[in-house]
$ cat final.txt   # compact mmCIF, C-alpha atoms and all ligand atoms
# COMPACT_ATOMS: atom_id res chain seq x y z
CA MET A 209 0.00 0.00 0.00
CA ASP A 210 1.44 3.37 -0.89
CA THR A 211 1.98 6.25 1.56
CA ALA A 212 -0.84 8.41 0.15
CA LEU A 213 -3.37 5.66 0.88
CA TRP A 214 -2.04 5.29 4.45
CA ILE A 215 -2.40 9.01 5.03
CA GLN A 216 -5.96 8.86 3.66
CA TYR A 217 -6.90 6.00 6.06
CA LEU A 218 -5.28 7.83 8.97
CA THR A 219 -7.24 11.01 8.18
CA TYR A 220 -10.52 9.06 8.00
CA GLY A 221 -9.65 7.36 11.28
CA LEU A 222 -8.93 10.65 13.03
CA LEU A 223 -12.13 12.20 11.65
CA LEU A 224 -14.17 9.26 12.92
CA LEU A 225 -12.53 9.56 16.35
CA LEU A 226 -13.35 13.29 16.49
CA ILE A 227 -16.99 12.62 15.54
CA VAL A 228 -17.32 9.92 18.24
CA LEU A 229 -15.74 12.18 20.89
CA GLY A 230 -17.97 15.09 19.82
CA ILE A 231 -21.14 12.96 20.09
CA ARG A 232 -20.01 11.67 23.50
CA PHE A 233 -19.33 15.23 24.72
CA LEU A 234 -22.77 16.43 23.54
CA TRP A 235 -24.49 13.40 25.08
CA LEU A 236 -22.79 13.91 28.46
CA SER A 237 -23.48 17.64 28.52
CA ILE A 238 -27.20 16.96 27.90
CA THR A 239 -27.73 13.93 30.13
CA GLN A 240 -25.33 14.80 32.98
CA ARG A 241 -26.01 18.48 33.18
CA ILE A 242 -26.00 19.83 36.72
CA HIS A 243 -28.85 22.23 37.21
CA HIS A 244 -28.56 25.38 39.28
CA PRO A 245 -30.72 25.12 42.41
CA GLU A 246 -33.88 27.26 42.15
CA GLN A 247 -32.90 29.20 45.26
CA TRP A 248 -29.47 30.04 43.83
CA ILE A 249 -31.07 31.30 40.59
CA PHE A 250 -33.58 33.38 42.55
CA ARG A 251 -30.89 34.95 44.73
CA SER A 252 -28.65 35.69 41.77
CA GLN A 253 -31.58 37.34 39.96
CA GLN A 254 -31.99 39.50 43.05
CA ARG A 255 -28.27 40.38 42.68
CA LYS A 256 -27.66 38.82 46.13
CA ILE A 257 -24.82 36.62 44.88
CA PRO A 258 -21.69 38.61 44.07
CA ASP A 259 -20.18 38.32 40.59
CA ASP A 260 -17.00 36.68 41.86
CA LEU A 261 -19.06 33.88 43.45
CA LEU A 262 -20.91 33.37 40.18
CA ALA A 263 -17.51 33.15 38.47
CA LEU A 264 -16.36 30.58 41.05
CA GLU A 265 -19.52 28.59 40.32
CA ARG A 266 -18.83 28.61 36.57
CA ARG A 267 -15.23 27.44 37.08
CA SER A 268 -16.04 24.89 39.78
CA ASP A 269 -15.30 21.22 39.13
CA ASP A 270 -17.75 20.29 41.91
CA ARG A 271 -20.76 22.57 41.85
CA ILE A 272 -22.81 20.47 44.24
CA ARG A 273 -20.10 20.97 46.85
CA LEU A 274 -20.18 24.71 46.20
CA TYR A 275 -23.98 24.85 46.47
CA ASN A 276 -23.82 22.90 49.72
CA PHE A 277 -21.40 25.43 51.25
CA TRP A 278 -23.73 28.18 50.07
CA PHE A 279 -26.88 26.57 51.52
CA GLN A 280 -25.17 25.94 54.85
CA THR A 281 -23.82 29.48 55.06
CA GLU A 282 -27.22 30.98 54.13
CA ARG A 283 -28.89 28.79 56.76
CA ILE A 284 -26.40 29.77 59.46
CA ILE A 285 -26.91 33.47 58.71
CA LYS A 286 -30.71 33.13 58.50
CA GLU A 287 -30.94 31.16 61.77
CA GLY A 288 -28.60 33.61 63.50
CA ILE A 289 -26.12 30.93 64.49
CA THR A 290 -23.17 32.73 65.96
CA GLY A 291 -19.57 31.56 65.91
CA ASP A 292 -16.46 31.58 63.80
CA PHE A 293 -15.82 29.55 60.66
CA ALA A 294 -12.81 27.23 60.37
CA GLU A 295 -11.04 24.98 57.92
CA LEU A 296 -8.65 22.18 58.78
CA GLY A 297 -6.69 21.27 55.61
CA VAL A 298 -6.18 24.46 53.63
CA TYR A 299 -3.31 23.80 51.19
CA LYS A 300 -3.31 26.88 48.90
CA GLY A 301 -6.66 28.10 50.16
CA ASP A 302 -9.12 27.23 47.35
CA SER A 303 -12.02 25.98 49.46
CA ALA A 304 -11.08 28.46 52.20
CA TRP A 305 -11.45 31.29 49.72
CA LEU A 306 -14.94 30.09 48.78
CA ILE A 307 -15.94 29.87 52.45
CA HIS A 308 -14.56 33.34 53.09
CA ARG A 309 -16.41 34.84 50.12
CA LEU A 310 -19.67 33.24 51.27
CA ALA A 311 -19.40 34.89 54.67
CA PRO A 312 -16.75 37.62 54.49
CA ASP A 313 -17.72 39.10 57.86
CA ARG A 314 -17.13 35.91 59.83
CA THR A 315 -13.79 35.22 61.42
CA LEU A 316 -12.24 32.33 59.52
CA HIS A 317 -9.56 30.14 61.15
CA LEU A 318 -7.26 28.29 58.76
CA PHE A 319 -5.38 25.29 60.17
CA ASP A 320 -2.64 23.59 58.17
CA THR A 321 1.01 22.66 58.42
CA PHE A 322 1.38 24.59 55.12
CA ALA A 323 4.17 22.09 54.52
CA GLY A 324 2.18 18.96 53.62
CA PHE A 325 1.39 15.87 55.65
CA TYR A 326 3.12 14.93 58.88
CA GLN A 327 5.03 11.66 58.51
CA PRO A 328 3.74 9.98 61.73
CA ASP A 329 0.15 10.72 60.56
CA LEU A 330 0.90 9.06 57.22
CA SER A 331 2.47 5.97 58.73
CA MET A 332 -0.85 4.78 60.19
CA GLU A 333 -2.74 5.06 56.87
CA THR A 334 -4.17 2.29 54.70
CA GLY A 335 -5.97 2.56 51.34
CA GLU A 336 -5.31 5.41 48.93
CA ALA A 337 -3.88 7.68 51.63
CA SER A 338 -1.05 5.17 52.21
CA THR A 339 0.33 6.21 48.80
CA TYR A 340 0.75 9.79 50.01
CA THR A 341 4.15 11.10 51.01
CA TRP A 342 5.25 14.19 52.93
CA ARG A 343 5.75 15.84 49.52
CA ASP A 344 2.03 15.90 48.71
CA PHE A 345 0.49 19.33 49.30
CA ALA A 346 3.88 20.62 50.52
CA ASP A 347 4.17 23.24 47.75
CA THR A 348 2.39 25.99 49.65
CA ASP A 349 3.22 28.45 52.37
CA ALA A 350 1.31 30.31 55.02
CA GLY A 351 2.47 33.76 53.86
CA ALA A 352 1.16 33.21 50.33
CA VAL A 353 -2.20 32.01 51.67
CA LYS A 354 -2.44 34.99 54.02
CA ALA A 355 -1.64 37.30 51.09
CA ARG A 356 -4.33 35.60 48.98
CA PHE A 357 -6.84 36.85 51.53
CA GLY A 358 -5.39 40.35 51.31
CA ASN A 359 -4.11 40.05 54.89
CA THR A 360 -7.75 40.49 56.00
CA PRO A 361 -7.72 40.74 59.82
CA ASN A 362 -10.60 38.26 60.26
CA VAL A 363 -8.76 35.45 58.47
CA LEU A 364 -6.46 33.82 61.02
CA ILE A 365 -3.71 31.44 60.02
CA HIS A 366 -2.81 28.63 62.43
CA GLU A 367 0.36 27.16 60.99
CA GLY A 368 1.66 23.83 62.23
CA TRP A 369 0.63 20.31 63.06
CA PHE A 370 -2.95 19.86 64.18
CA PRO A 371 -3.85 19.33 67.06
CA ASP A 372 -0.83 21.29 68.38
CA THR A 373 -2.26 24.48 66.86
CA ALA A 374 -5.74 23.88 68.28
CA GLU A 375 -4.88 25.65 71.53
CA GLU A 376 -4.70 28.93 69.57
CA ALA A 377 -8.49 28.72 69.14
CA GLU A 378 -9.52 26.80 72.24
CA ASP A 379 -11.78 29.59 73.53
CA CYS A 380 -13.68 29.99 70.24
CA THR A 381 -17.16 28.84 69.28
CA PHE A 382 -17.69 27.69 65.70
CA ALA A 383 -20.70 27.87 63.39
CA LEU A 384 -19.16 26.15 60.36
CA VAL A 385 -16.11 23.90 60.17
CA HIS A 386 -14.74 22.38 57.00
CA MET A 387 -12.40 19.43 57.45
CA ASP A 388 -10.31 18.49 54.42
CA ALA A 389 -7.25 16.84 55.93
CA ASP A 390 -7.61 13.39 54.29
CA LEU A 391 -6.11 11.29 57.11
CA TYR A 392 -7.24 9.45 60.25
CA GLN A 393 -5.24 11.39 62.81
CA PRO A 394 -6.11 15.01 61.91
CA VAL A 395 -9.77 14.14 61.25
CA LYS A 396 -10.08 12.32 64.59
CA ALA A 397 -8.35 15.19 66.42
CA GLY A 398 -10.39 17.77 64.49
CA LEU A 399 -13.74 16.22 65.38
CA ALA A 400 -12.71 15.90 69.04
CA PHE A 401 -11.71 19.58 69.09
CA PHE A 402 -14.42 21.25 66.99
CA TYR A 403 -17.55 19.31 67.95
CA PRO A 404 -17.66 20.46 71.61
CA ARG A 405 -17.05 24.03 70.40
CA LEU A 406 -19.73 23.87 67.70
CA ALA A 407 -22.71 26.15 68.31
CA PRO A 408 -26.14 24.43 68.34
CA GLY A 409 -27.27 24.43 64.69
CA GLY A 410 -23.66 24.70 63.55
CA VAL A 411 -22.22 22.29 61.01
CA ILE A 412 -19.04 20.28 60.47
CA ILE A 413 -18.48 19.31 56.84
CA VAL A 414 -15.94 16.54 56.20
CA HIS A 415 -14.67 16.17 52.66
CA ASP A 416 -13.60 12.89 51.00
CA TYR A 417 -15.72 10.49 53.03
CA THR A 418 -15.35 7.59 50.56
CA HIS A 419 -13.99 4.04 50.54
CA LYS A 420 -10.73 5.42 49.11
CA TRP A 421 -9.88 7.25 52.34
CA GLU A 422 -10.18 4.42 54.83
CA GLY A 423 -8.56 6.20 57.78
CA LEU A 424 -10.70 9.30 57.36
CA MET A 425 -13.89 7.20 57.17
CA ARG A 426 -12.89 5.27 60.28
CA ALA A 427 -12.22 8.50 62.21
CA VAL A 428 -15.66 9.86 61.25
CA ASP A 429 -17.50 6.60 61.97
CA GLU A 430 -15.83 6.19 65.38
CA PHE A 431 -16.72 9.75 66.30
CA VAL A 432 -20.32 9.64 65.08
CA ALA A 433 -20.88 6.50 67.20
CA SER A 434 -20.22 8.66 70.27
CA ILE A 435 -22.66 11.54 69.58
CA PRO A 436 -26.44 11.84 69.21
CA GLU A 437 -26.40 13.28 65.67
CA CYS A 438 -26.36 11.23 62.46
CA LEU A 439 -24.18 11.75 59.40
CA VAL A 440 -25.78 13.60 56.50
CA HIS A 441 -24.35 12.65 53.10
CA VAL A 442 -23.80 15.28 50.43
CA PRO A 443 -23.94 13.83 46.90
CA ASP A 444 -21.00 15.91 45.71
CA ARG A 445 -18.13 14.62 43.61
CA PHE A 446 -15.82 13.24 46.28
CA GLY A 447 -18.36 12.52 48.99
CA SER A 448 -18.73 15.04 51.78
CA VAL A 449 -20.59 14.30 54.99
CA MET A 450 -22.00 16.70 57.54
CA ILE A 451 -22.70 16.70 61.25
CA LEU A 452 -25.35 19.28 62.14
CA LYS A 453 -25.28 19.91 65.88
CA ASN A 454 -28.66 19.49 67.54
CA LYS A 455 -30.38 22.59 68.86
CA PRO A 456 -32.18 22.52 72.21
CA LEU A 457 -35.99 22.65 72.01
CA PRO A 458 -37.27 26.24 72.11
CA GLY A 459 -38.79 27.53 75.34
C1 LIG A 501 -6.45 17.82 50.45
S1 LIG A 501 -5.43 19.05 51.10
C2 LIG A 501 -6.53 20.37 51.41
C3 LIG A 501 -7.12 20.96 50.15
C4 LIG A 501 -7.76 22.32 50.33
N1 LIG A 501 -8.94 22.27 51.18
C5 LIG A 501 -8.07 22.97 49.00
O1 LIG A 501 -9.13 23.59 48.85
O2 LIG A 501 -7.25 22.87 48.08
C6 LIG A 501 -5.07 18.40 52.68
C7 LIG A 501 -4.33 19.35 53.59
O3 LIG A 501 -4.38 18.87 54.93
C8 LIG A 501 -3.21 19.26 55.59
N2 LIG A 501 -2.99 18.42 56.78
C9 LIG A 501 -3.09 17.07 56.83
N3 LIG A 501 -2.81 16.62 58.08
C10 LIG A 501 -2.57 17.74 58.85
C11 LIG A 501 -2.26 17.94 60.24
N4 LIG A 501 -2.13 16.93 61.13
N5 LIG A 501 -2.08 19.21 60.66
C12 LIG A 501 -2.23 20.25 59.81
N6 LIG A 501 -2.51 20.12 58.49
C13 LIG A 501 -2.68 18.88 58.02
C14 LIG A 501 -2.12 19.08 54.54
O4 LIG A 501 -0.99 19.85 54.83
C15 LIG A 501 -2.85 19.52 53.24
O5 LIG A 501 -2.58 20.86 52.94
$ encode --input "final.txt" --output "structure tokens"
Amino acid sequence: MDTALWIQYLTYGLLLLLIVLGIRFLWLSITQRIHHPEQWIFRSQQRKIPDDLLALERRSDDRIRLYNFWFQTERIIKEGITGDFAELGVYKGDSAWLIHRLAPDRTLHLFDTFAGFYQPDLSMETGEASTYTWRDFADTDAGAVKARFGNTPNVLIHEGWFPDTAEEAEDCTFALVHMDADLYQPVKAGLAFFYPRLAPGGVIIVHDYTHKWEGLMRAVDEFVASIPECLVHVPDRFGSVMILKNKPLPG
């Protein structure tokens, strides 16, 4: 077969591949489209959602997670639940930035080593987390994260190994806590620290509660067995769960 014929076959092959990929893309964007929640549309029509949050929504690779943060923040504000916000597991501050933009007036505590995982925490891991090393998430630093928030005085950085840094916030009450630390030890320590300091009606959101993160799941399950509340699953991309602290009966 001569070269011209080969090139012709190759071109047809590539064209066919492009057509198949195009059809697949169209099919997925129709059948797996994520709709905006009615309440989000209503509030954005009222111009109650700032443009930068709408931009974050458009760029988000997990919109359900974003909407969940928004619903929880709206609920906390509406119900008048007082307390600071916190995140354990910040890295470069992506989810922290979202939380801050949703409630810019709340004090936000950011806990991280800002140098990646702590080796003794890693050594007790099984499952996907056992493939992590101290190098993962180490390419960040507290100063850069602080600068990302414009050195806003109500964003407080707690740099170092958790729970050592917990004492810096031991007198605080929290309304919303986001835990994204992936491993058994920090999640166990985080739940033990934040839950007693969570205001009634406040929420702890734990990211990555899936079979892949065995240690994290175990830490959550062990903790939930010791409290009256149940876990609420969020059907977002990587599986978040929430603990909503019971409120006392009115009166
Ligand atoms: C998955 S990343 C967080 C991602 C982040 N929420 C974001 O939006 O990109 C996990 C983070 O948890 C932090 N971390 C894990 N164990 C920790 C511990 N014991 N103390 C403090 N930080 C810890 C790591 O340093 C890492 O930055």
$ residues_near_ligand --input "final.txt" --ligand "ligand LIG 501 (chain A)" --cutoff "6 Å" --atoms "all atoms listed in the file" --output "list in words"
Gly297, Val298, Tyr299, Lys300, Gly301, Asp302, Ser303, Phe319, Asp320, Thr321, Phe322, Ala323, Gly324, Phe325, Phe345, Gly368, Trp369, Phe370, Asp388, Ala389, Asp390 and Pro394 of chain A
$ atom_distance --input "final.txt" --atom1 "CA of Leu261 in chain A" --atom2 "CA of Leu424 in chain A"
29.5 Å
$ closest_residue --input "final.txt" --among "A:Thr315, A:Leu457, A:Leu296, A:Ile413" --to "Leu391 in chain A" --atoms "only C-alpha atoms"
A:Leu296
$ atom_distance --input "final.txt" --atom1 "CA of Leu318 in chain A" --atom2 "CA of Ala304 in chain A"
7.6 Å
$ closest_residue --input "final.txt" --among "A:Pro408, A:Ala337, A:Asp210, A:Ala433" --to "Pro458 in chain A" --atoms "all atoms listed in the file"
A:Pro408
$ residues_around --input "final.txt" --residues "Leu364 in chain A" --least-positions-apart "2" --cutoff "9 Å" --atoms "only C-alpha atoms" --output "ChimeraX atom specification"
/A:315-319,354,360-362,366
$ residues_around --input "final.txt" --residues "Gln393 in chain A" --least-positions-apart "3" --cutoff "10 Å" --atoms "only C-alpha atoms" --output "PDB file with C-alpha atoms, keeping the file's coordinate frame"
ATOM      1  CA  TYR A 326       3.120  14.930  58.880  1.00  0.00           C
ATOM      2  CA  PRO A 328       3.740   9.980  61.730  1.00  0.00           C
ATOM      3  CA  ASP A 329       0.150  10.720  60.560  1.00  0.00           C
ATOM      4  CA  LEU A 330       0.900   9.060  57.220  1.00  0.00           C
ATOM      5  CA  MET A 332      -0.850   4.780  60.190  1.00  0.00           C
ATOM      6  CA  GLU A 333      -2.740   5.060  56.870  1.00  0.00           C
ATOM      7  CA  PHE A 370      -2.950  19.860  64.180  1.00  0.00           C
ATOM      8  CA  PRO A 371      -3.850  19.330  67.060  1.00  0.00           C
ATOM      9  CA  ALA A 389      -7.250  16.840  55.930  1.00  0.00           C
ATOM     10  CA  ASP A 390      -7.610  13.390  54.290  1.00  0.00           C
ATOM     11  CA  LYS A 396     -10.080  12.320  64.590  1.00  0.00           C
ATOM     12  CA  ALA A 397      -8.350  15.190  66.420  1.00  0.00           C
ATOM     13  CA  GLY A 398     -10.390  17.770  64.490  1.00  0.00           C
ATOM     14  CA  GLY A 423      -8.560   6.200  57.780  1.00  0.00           C
ATOM     15  CA  LEU A 424     -10.700   9.300  57.360  1.00  0.00           C
ATOM     16  CA  ALA A 427     -12.220   8.500  62.210  1.00  0.00           C
TER      17      ALA A 427
END
$ residues_near_point --input "final.txt" --point "(-26.3, 14.5, 42.4)" --cutoff "8 Å" --atoms "only C-alpha atoms" --output "list in words"
Ile242, Ile272, Pro443 and Asp444 of chain A
$ closest_residue --input "final.txt" --among "A:Ile435, A:Arg426, A:Trp342, A:Asp270" --to "Val395 in chain A" --atoms "all atoms listed in the file"
A:Arg426
$ closest_residue --input "final.txt" --among "A:Thr219, A:Asn359, A:Asn276, A:Thr341" --to "Val440 in chain A" --atoms "all atoms listed in the file"
A:Asn276
$ atom_distance --input "final.txt" --atom1 "CA of Ala400 in chain A" --atom2 "CA of Lys455 in chain A"
18.9 Å
$ closest_residue --input "final.txt" --among "A:Gly447, A:Gly410, A:Gly335, A:Gly459" --to "Thr281 in chain A" --atoms "all atoms listed in the file"
A:Gly410
$ residues_around --input "final.txt" --residues "Gly291 in chain A" --least-positions-apart "5" --cutoff "9 Å" --atoms "only C-alpha atoms" --output "PyMOL selection string"
chain A and resi 314-315+380-384+406-407+410
$ closest_residue --input "final.txt" --among "A:Leu306, A:Val411, A:Val442, A:Ile365" --to "Ala377 in chain A" --atoms "only C-alpha atoms"
A:Ile365
